[in-house]
Structures are given as C-alpha cells and as structure tokens.
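Novice: So here's target21.csv, just CSV, C-alpha atoms:
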chain,number,residue,atom,x,y,z
A,24,MET,CA,-9.2,9.1,25.0
A,25,THR,CA,-9.8,12.1,22.8
A,26,VAL,CA,-11.1,15.5,24.0
A,27,THR,CA,-14.5,14.6,22.5
A,28,GLU,CA,-14.6,11.3,24.5
A,29,PHE,CA,-13.6,13.2,27.6
A,30,GLU,CA,-16.6,15.5,27.1
A,31,GLU,CA,-18.8,12.5,26.8
A,32,ALA,CA,-17.5,10.9,29.9
A,33,ILE,CA,-17.8,13.9,32.2
A,34,ASN,CA,-20.0,17.0,32.1
A,35,VAL,CA,-17.9,20.2,32.0
A,36,SER,CA,-18.6,23.6,30.6
A,37,ARG,CA,-17.1,24.8,27.4
A,38,GLU,CA,-15.0,27.4,29.4
A,39,THR,CA,-13.6,24.6,31.6
A,40,LEU,CA,-12.8,22.5,28.6
A,41,VAL,CA,-10.9,25.4,26.9
A,42,ARG,CA,-8.9,26.0,30.1
A,43,LEU,CA,-8.0,22.3,30.4
A,44,GLU,CA,-6.9,22.3,26.8
A,45,GLU,CA,-4.6,25.3,27.5
A,46,PHE,CA,-3.3,23.5,30.6
A,47,GLY,CA,-2.6,20.4,28.5
A,48,ARG,CA,-0.6,22.4,25.9
A,49,LEU,CA,1.4,24.0,28.6
A,50,LEU,CA,2.1,20.7,30.2
A,51,ARG,CA,3.4,19.2,26.9
A,52,ARG,CA,5.8,22.2,26.4
A,53,TRP,CA,7.2,22.0,29.9
A,54,ASN,CA,7.4,18.3,29.9
A,55,ALA,CA,10.0,18.5,27.1
A,56,ARG,CA,12.3,20.3,29.5
A,57,ILE,CA,11.5,18.8,32.9
A,58,ASN,CA,10.0,15.5,33.9
A,59,LEU,CA,6.5,16.3,35.0
A,60,VAL,CA,4.7,13.1,33.8
A,61,SER,CA,5.9,10.2,31.8
A,62,ARG,CA,6.1,10.8,28.0
A,63,GLU,CA,4.1,7.7,27.5
A,64,SER,CA,1.2,8.9,29.6
A,65,LEU,CA,1.0,12.1,27.5
A,66,ASN,CA,-0.3,10.0,24.7
A,67,ASP,CA,-3.4,9.3,26.8
A,68,LEU,CA,-3.5,12.7,28.6
A,69,TRP,CA,-7.3,13.0,28.7
A,70,ARG,CA,-7.9,9.6,30.3
A,71,ARG,CA,-4.8,9.1,32.4
A,72,HIS,CA,-4.5,12.6,33.8
A,73,MET,CA,-7.5,14.8,33.1
A,74,LEU,CA,-10.4,12.4,33.7
A,75,ASP,CA,-8.6,10.6,36.5
A,76,SER,CA,-8.3,14.0,38.3
A,77,ILE,CA,-11.6,15.7,37.5
A,78,GLN,CA,-13.7,12.8,38.7
A,79,LEU,CA,-13.0,13.8,42.3
A,80,ALA,CA,-14.9,17.1,41.9
A,81,ALA,CA,-18.1,15.3,42.7
A,82,TRP,CA,-17.0,14.7,46.2
A,83,ASP,CA,-16.9,18.4,47.0
A,84,ARG,CA,-20.6,18.9,46.5
A,85,ASN,CA,-21.8,17.4,49.8
A,86,ASN,CA,-18.7,18.4,51.9
A,87,LYS,CA,-19.7,21.0,54.4
A,88,GLY,CA,-16.2,21.7,55.7
A,89,ALA,CA,-15.0,25.3,55.7
A,90,GLY,CA,-11.3,24.7,55.1
A,91,PRO,CA,-9.4,24.6,51.8
A,92,TRP,CA,-9.1,21.6,49.5
A,93,VAL,CA,-5.5,20.4,50.0
A,94,ASP,CA,-3.7,18.4,47.4
A,95,LEU,CA,-0.5,16.7,48.6
A,96,GLY,CA,2.5,16.1,46.2
A,97,SER,CA,0.8,18.0,43.4
A,98,GLY,CA,3.6,17.5,40.9
A,99,ALA,CA,2.2,18.5,37.5
A,100,GLY,CA,-1.2,19.5,39.0
A,101,PHE,CA,-3.0,16.2,39.1
A,102,PRO,CA,-5.5,16.2,40.7
A,103,GLY,CA,-5.4,19.5,42.5
A,104,LEU,CA,-4.9,22.0,39.6
A,105,VAL,CA,-7.4,20.2,37.4
A,106,LEU,CA,-10.0,20.4,40.2
A,107,ALA,CA,-9.4,24.1,40.6
A,108,ILE,CA,-9.8,24.6,36.8
A,109,ALA,CA,-13.1,22.7,37.1
A,110,GLY,CA,-14.4,25.1,39.8
A,111,ILE,CA,-13.4,23.7,43.1
A,112,ARG,CA,-12.7,26.7,45.4
A,113,ASP,CA,-9.7,27.4,47.4
A,114,VAL,CA,-7.4,24.6,46.4
A,115,HIS,CA,-4.0,24.4,48.0
A,116,LEU,CA,-1.2,22.7,46.1
A,117,VAL,CA,1.7,21.3,48.2
A,118,GLU,CA,4.8,20.4,46.2
A,119,ARG,CA,8.4,20.4,47.5
A,120,ASN,CA,10.1,20.5,44.0
A,121,SER,CA,10.8,24.1,43.0
A,122,ARG,CA,10.8,23.5,39.3
A,123,LYS,CA,7.4,21.8,39.5
A,124,CYS,CA,6.1,24.7,41.6
A,125,ALA,CA,7.3,27.1,38.8
A,126,PHE,CA,5.2,25.1,36.4
A,127,LEU,CA,2.2,25.1,38.7
A,128,ARG,CA,2.4,28.9,39.1
A,129,GLU,CA,2.5,29.4,35.3
A,130,ALA,CA,-0.4,27.0,34.8
A,131,ALA,CA,-2.5,28.6,37.5
A,132,LEU,CA,-1.9,32.0,35.9
A,133,LEU,CA,-2.8,30.8,32.4
A,134,THR,CA,-6.0,29.1,33.5
A,135,SER,CA,-7.1,31.6,36.2
A,136,ALA,CA,-7.3,28.7,38.7
A,137,ASP,CA,-8.2,29.5,42.4
A,138,VAL,CA,-5.1,27.9,44.0
A,139,THR,CA,-2.4,28.6,46.6
A,140,ILE,CA,0.9,27.0,45.9
A,141,HIS,CA,3.1,25.9,48.8
A,142,ASN,CA,6.7,25.1,47.8
A,143,ALA,CA,7.3,23.1,51.0
A,144,ARG,CA,7.6,19.6,52.5
A,145,ILE,CA,4.3,18.2,53.6
A,146,GLU,CA,5.5,17.2,57.0
A,147,THR,CA,6.9,20.6,57.9
A,148,LEU,CA,4.2,22.9,56.4
A,149,GLU,CA,1.9,24.5,58.9
A,150,PRO,CA,-1.3,22.5,59.1
A,151,LEU,CA,-3.8,23.6,56.5
A,152,GLU,CA,-7.0,22.2,58.1
A,153,GLY,CA,-8.5,21.1,54.8
A,154,ARG,CA,-12.1,20.1,54.2
A,155,ALA,CA,-10.6,17.6,51.8
A,156,VAL,CA,-7.1,16.2,51.3
A,157,THR,CA,-6.2,14.5,48.1
A,158,ALA,CA,-3.1,12.7,46.7
A,159,ARG,CA,-2.3,10.7,43.6
A,160,ALA,CA,0.5,8.2,43.3
A,161,LEU,CA,2.3,9.8,46.3
A,162,ALA,CA,2.8,6.9,48.8
A,163,PRO,CA,1.1,3.8,50.2
A,164,LEU,CA,-1.6,4.5,52.7
A,165,VAL,CA,0.5,3.6,55.8
A,166,LYS,CA,2.9,6.4,54.9
A,167,LEU,CA,0.3,8.7,53.4
A,168,LEU,CA,-2.1,8.8,56.3
A,169,PRO,CA,0.2,10.6,58.8
A,170,LEU,CA,0.9,13.3,56.2
A,171,ALA,CA,-2.7,13.8,55.2
A,172,HIS,CA,-4.0,13.7,58.8
A,173,ARG,CA,-1.8,16.6,59.7
A,174,HIS,CA,-3.6,18.8,57.2
A,175,ILE,CA,-7.3,17.8,57.6
A,176,GLU,CA,-10.0,19.4,59.7
A,177,ASP,CA,-12.0,17.4,62.1
A,178,CYS,CA,-15.0,16.8,59.8
A,179,GLY,CA,-12.8,16.5,56.6
A,180,GLN,CA,-12.4,13.7,54.2
A,181,MET,CA,-9.4,12.1,52.4
A,182,LEU,CA,-9.7,11.2,48.8
A,183,PHE,CA,-7.0,9.0,47.3
A,184,LEU,CA,-6.8,7.6,43.8
A,185,LYS,CA,-5.6,4.0,44.2
A,186,GLY,CA,-4.9,1.0,42.1
A,187,GLN,CA,-5.5,-2.8,42.5
A,188,ASP,CA,-3.5,-3.1,45.7
A,189,VAL,CA,-5.9,-0.8,47.7
A,190,ASP,CA,-7.1,-3.6,50.0
A,191,ILE,CA,-3.6,-4.6,50.9
A,192,GLU,CA,-2.7,-1.0,51.7
A,193,LEU,CA,-5.9,-0.5,53.7
A,194,THR,CA,-5.3,-3.7,55.8
A,195,GLU,CA,-1.8,-2.5,56.7
A,196,ALA,CA,-3.0,1.1,57.5
A,197,THR,CA,-5.7,-0.1,59.8
A,198,LYS,CA,-3.1,-1.5,62.2
A,199,TYR,CA,-2.3,2.1,63.1
A,200,TRP,CA,-5.5,4.1,62.1
A,201,ASN,CA,-9.2,4.0,62.8
A,202,ILE,CA,-10.8,4.9,59.5
A,203,THR,CA,-14.2,4.6,57.8
A,204,PRO,CA,-13.5,3.7,54.1
A,205,ARG,CA,-15.8,3.9,51.1
A,206,TYR,CA,-14.8,2.6,47.7
A,207,SER,CA,-16.0,4.0,44.3
A,208,PRO,CA,-14.9,2.7,40.9
A,209,SER,CA,-12.6,4.9,39.0
A,210,LEU,CA,-13.9,6.4,35.7
A,211,SER,CA,-10.5,6.4,34.2
A,212,ASP,CA,-9.2,2.9,35.1
A,213,LYS,CA,-11.1,-0.3,35.4
A,214,ALA,CA,-8.6,-1.5,38.0
A,215,GLY,CA,-8.6,1.8,39.8
A,216,THR,CA,-10.5,2.9,43.0
A,217,ILE,CA,-11.4,6.2,44.5
A,218,LEU,CA,-10.9,5.6,48.3
A,219,GLN,CA,-12.8,8.0,50.5
A,220,LEU,CA,-11.7,8.1,54.2
A,221,THR,CA,-13.6,9.8,57.0
A,222,GLU,CA,-13.7,9.6,60.8
A,223,ILE,CA,-9.9,9.2,60.9
A,224,SER,CA,-8.0,8.8,64.2
A,225,ARG,CA,-4.9,7.0,65.4
A,226,VAL,CA,-5.3,3.6,67.0
Just dump the structure as structure tokens.
Specialist:
Amino acid sequence: MTVTEFEEAINVSRETLVRLEEFGRLLRRWNARINLVSRESLNDLWRRHMLDSIQLAAWDRNNKGAGPWVDLGSGAGFPGLVLAIAGIRDVHLVERNSRKCAFLREAALLTSADVTIHNARIETLEPLEGRAVTARALAPLVKLLPLAHRHIEDCGQMLFLKGQDVDIELTEATKYWNITPRYSPSLSDKAGTILQLTEISRV
C-alpha cells in the first residue's frame, strides 16, 4: 500500500498525513538500530501498521468514558501512537522495554502527539481507568484480558486487533470471563478482525 492508497482507504487531514509520514521516516531510522518491527513489514508500512492502527479511531467517537485511551504493549507505537497522531485525546502508552520507550518519546515529540508514556510492566502499573484499552499482537485473549481489565473503567471498552484464530481465543477466554463481543472486519487484513469487548467481568 502506498501513501496515496492509504489516503483513499481512510479519511485523514493533510496535517495528520504529514505527521504520519514523519513518524514513518523516524521508525525506519530507528529500526536499523533496534528491532521495533520486522524489516519485511516495513515494505508494507502503510497497510500493515498505519492503516491497521488508525482504523480503531472510529471507536472513540461514541465512547462517553472520561478516562484515558490506554494502549498496552505499545512497542513501536502501534496502534496507540498512530491514534494519538490522528487526534485521539489523552493516549497512554504502556511499554516495559526502555529502548522502545526512548523511541516513543522521540516520536511523540516529533509528531506533537498527545501521549503519556509509561515505561513499566502492565501488571504492576497503577490502574489507569481507561475509557478504551487497546493491544496489538500482545497475547492471546485468555492472557490479555486480566491485564486489560486492570486498566479499564467500568463503562470502558476493549479493542483488540486479532487474526483468524479469534473465535478459538474467545471460546477459551469465556471460560473465565463474562464479555459482550462485537466483531468488525479489519480494513488492513482480509483475515483480520477488530474485536470490541464491553460489559466485562470475571466468571
């Protein structure tokens, strides 16, 4: 996917696109020194990473929660930093790797993104009470839900970018959790799913 094809797939302002391009250039420079994303995926940066991340912005429009948007295991900034660049307010990036946090800080400064970066373990960080909690390629649902539940407010939602095994993961997770799932097709991957979870409680 080219930048032009990205513009055609998702409606963003020219200012947002410029900031995403700056972020992409910084990512390529840093990735030559530390492993942020696979080198192969950089060849399809605008579909595999940018579009995959920014599509979640639509889920913030009808969310009335007051807390922050919490992105767990932010890594190279997908999806959390991309969402902040796209205008999502008060995004908190949680990443335990110090070198990745250094990259996130430089990227946030370069793009003027509204983020707070937590160099900490998800399970030991003080609960953030997020209006939304996101994660991408972090863990299967059965392991992810206890981490995410710790950082969500009562009326909040979880948004996870999942692949073709989403039904298997959900079946396993519902042995331990009461959840209301909604599925939406991914714009970036025909086999991908955006899994929205609400009304979450332990069995």
Novice: Between atom CA of A:His141 and atom CA of A:Cys124, what is the distance, to one decimal in Å?
Specialist: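 Value for the atom CA of A:His141-atom CA of A:Cys124 distance: 7.9 Å.
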Novice: So how many Å separate atom CA of A:Gly47 and atom CA of A:Gly153, to one decimal?
Specialist: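 For atom CA of A:Gly47 relative to atom CA of A:Gly153, the distance reads 27.0 Å.
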Novice: Between atom CA of A:Asn58 and atom CA of A:Ile111, what is the spacing in Å?
Specialist: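 Going from atom CA of A:Ile111 over to atom CA of A:Asn58, I get 26.4 Å.
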Novice: If you count only C-alpha atoms, which residues fall within 7 Å of stretch 160-170 of chain A, apart from same-chain ones fewer than 5 positions away, as a PyMOL selection string?
Specialist: chain A and resi 96+145-146+192-193+195-196
Novice: Just C-alpha atoms for this one: save the residues we selected as a PDB file, in the frame of the given file.
Specialist:
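Once everything was written out, this is result36.pdb:
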ATOM      1  CA  GLY A  96       2.500  16.100  46.200  1.00  0.00           C
ATOM      2  CA  ILE A 145       4.300  18.200  53.600  1.00  0.00           C
ATOM      3  CA  GLU A 146       5.500  17.200  57.000  1.00  0.00           C
ATOM      4  CA  GLU A 192      -2.700  -1.000  51.700  1.00  0.00           C
ATOM      5  CA  LEU A 193      -5.900  -0.500  53.700  1.00  0.00           C
ATOM      6  CA  GLU A 195      -1.800  -2.500  56.700  1.00  0.00           C
ATOM      7  CA  ALA A 196      -3.000   1.100  57.500  1.00  0.00           C
TER       8      ALA A 196
END
Novice: So which residues touch A:Pro150 within 7 Å, counting all atoms listed in the file, skipping near sequence neighbours fewer than 2 positions away, as a PyMOL selection string?
Specialist: chain A and resi 148+152+173-174
Novice: As a PyMOL selection string, please: the residues near A:Glu31 (cut-off 12 Å, only C-alpha atoms, same-chain neighbours under 4 positions excluded).
Specialist: chain A and resi 24-27+35-36+40+69-70+74+210
Novice: Include C-alpha atoms and write out the residues we just selected as a CSV table (one decimal), in the coordinates of the input.
Specialist:
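And here's result.csv as it stands now:
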chain,number,residue,atom,x,y,z
A,24,MET,CA,-9.2,9.1,25.0
A,25,THR,CA,-9.8,12.1,22.8
A,26,VAL,CA,-11.1,15.5,24.0
A,27,THR,CA,-14.5,14.6,22.5
A,35,VAL,CA,-17.9,20.2,32.0
A,36,SER,CA,-18.6,23.6,30.6
A,40,LEU,CA,-12.8,22.5,28.6
A,69,TRP,CA,-7.3,13.0,28.7
A,70,ARG,CA,-7.9,9.6,30.3
A,74,LEU,CA,-10.4,12.4,33.7
A,210,LEU,CA,-13.9,6.4,35.7
Novice: List every residue of stretch 112-213 of chain A that has an atom at most 8 Å from any atom of stretch 100-103 of chain A, and for each one report the closest atom pair and its distance in Å to one decimal, counting all atoms listed in the file, with rows sorted by chain and then by increasing residue number, as JSON lines.
Specialist:
{"residue": "A:Val114", "atom": "CA", "partner": "A:Gly103", "partner_atom": "CA", "distance": 6.7}
{"residue": "A:His115", "atom": "CA", "partner": "A:Gly103", "partner_atom": "CA", "distance": 7.5}
{"residue": "A:Leu116", "atom": "CA", "partner": "A:Gly103", "partner_atom": "CA", "distance": 6.4}
{"residue": "A:Leu127", "atom": "CA", "partner": "A:Gly100", "partner_atom": "CA", "distance": 6.6}
{"residue": "A:Thr157", "atom": "CA", "partner": "A:Gly103", "partner_atom": "CA", "distance": 7.5}
{"residue": "A:Ala158", "atom": "CA", "partner": "A:Pro102", "partner_atom": "CA", "distance": 7.3}
{"residue": "A:Arg159", "atom": "CA", "partner": "A:Pro102", "partner_atom": "CA", "distance": 7.0}
Novice: So, counting only C-alpha atoms, which residue among A:Thr197, A:Thr134, A:Thr216, A:Ser121 is closest to A:Leu43?
Specialist: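 Among the listed residues, A:Thr134 lies closest to A:Leu43.
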Novice: Using all atoms listed in the file, give me every residue within 10 Å of (-7.7, 10.2, 64.2) in file coordinates, as an MDAnalysis selection string.
Specialist: chainID A and resid 168:169 172:173 177 199:202 221:226
Novice: With N, CA, C and O atoms as the goal, would you fill in the gaps in stretch 191-203 of chain A and present it as a JSON list (two decimals), in the frame of the given file?
Specialist:
[["chain", "number", "residue", "atom", "x", "y", "z"],
["A", 191, "ILE", "N", -4.81, -4.30, 50.16],
["A", 191, "ILE", "CA", -3.60, -4.60, 50.90],
["A", 191, "ILE", "C", -3.11, -3.39, 51.66],
["A", 191, "ILE", "O", -2.73, -3.49, 52.84],
["A", 192, "GLU", "N", -3.14, -2.23, 51.00],
["A", 192, "GLU", "CA", -2.70, -1.00, 51.70],
["A", 192, "GLU", "C", -3.63, -0.66, 52.85],
["A", 192, "GLU", "O", -3.16, -0.24, 53.91],
["A", 193, "LEU", "N", -4.92, -0.86, 52.66],
["A", 193, "LEU", "CA", -5.90, -0.50, 53.70],
["A", 193, "LEU", "C", -5.71, -1.46, 54.92],
["A", 193, "LEU", "O", -5.78, -1.02, 56.07],
["A", 194, "THR", "N", -5.47, -2.74, 54.67],
["A", 194, "THR", "CA", -5.30, -3.70, 55.80],
["A", 194, "THR", "C", -4.05, -3.29, 56.60],
["A", 194, "THR", "O", -4.09, -3.33, 57.83],
["A", 195, "GLU", "N", -2.98, -2.89, 55.95],
["A", 195, "GLU", "CA", -1.80, -2.50, 56.70],
["A", 195, "GLU", "C", -2.03, -1.18, 57.45],
["A", 195, "GLU", "O", -1.61, -1.04, 58.60],
["A", 196, "ALA", "N", -2.74, -0.24, 56.83],
["A", 196, "ALA", "CA", -3.00, 1.10, 57.50],
["A", 196, "ALA", "C", -3.86, 0.95, 58.70],
["A", 196, "ALA", "O", -3.68, 1.69, 59.67],
["A", 197, "THR", "N", -4.82, 0.01, 58.70],
["A", 197, "THR", "CA", -5.70, -0.10, 59.80],
["A", 197, "THR", "C", -5.08, -0.70, 61.07],
["A", 197, "THR", "O", -5.69, -0.76, 62.14],
["A", 198, "LYS", "N", -3.83, -1.12, 60.96],
["A", 198, "LYS", "CA", -3.10, -1.50, 62.20],
["A", 198, "LYS", "C", -2.75, -0.29, 63.01],
["A", 198, "LYS", "O", -2.53, -0.41, 64.22],
["A", 199, "TYR", "N", -2.74, 0.86, 62.37],
["A", 199, "TYR", "CA", -2.30, 2.10, 63.10],
["A", 199, "TYR", "C", -3.38, 3.17, 63.10],
["A", 199, "TYR", "O", -3.25, 4.13, 63.85],
["A", 200, "TRP", "N", -4.45, 3.00, 62.28],
["A", 200, "TRP", "CA", -5.50, 4.10, 62.10],
["A", 200, "TRP", "C", -6.87, 3.49, 62.22],
["A", 200, "TRP", "O", -7.15, 2.42, 61.69],
["A", 201, "ASN", "N", -7.75, 4.24, 62.89],
["A", 201, "ASN", "CA", -9.20, 4.00, 62.80],
["A", 201, "ASN", "C", -9.73, 4.83, 61.68],
["A", 201, "ASN", "O", -9.60, 6.05, 61.70],
["A", 202, "ILE", "N", -10.33, 4.19, 60.69],
["A", 202, "ILE", "CA", -10.80, 4.90, 59.50],
["A", 202, "ILE", "C", -12.14, 4.30, 59.04],
["A", 202, "ILE", "O", -12.37, 3.10, 59.23],
["A", 203, "THR", "N", -12.98, 5.12, 58.43],
["A", 203, "THR", "CA", -14.20, 4.60, 57.80],
["A", 203, "THR", "C", -13.99, 4.75, 56.27],
["A", 203, "THR", "O", -14.02, 5.86, 55.74]]
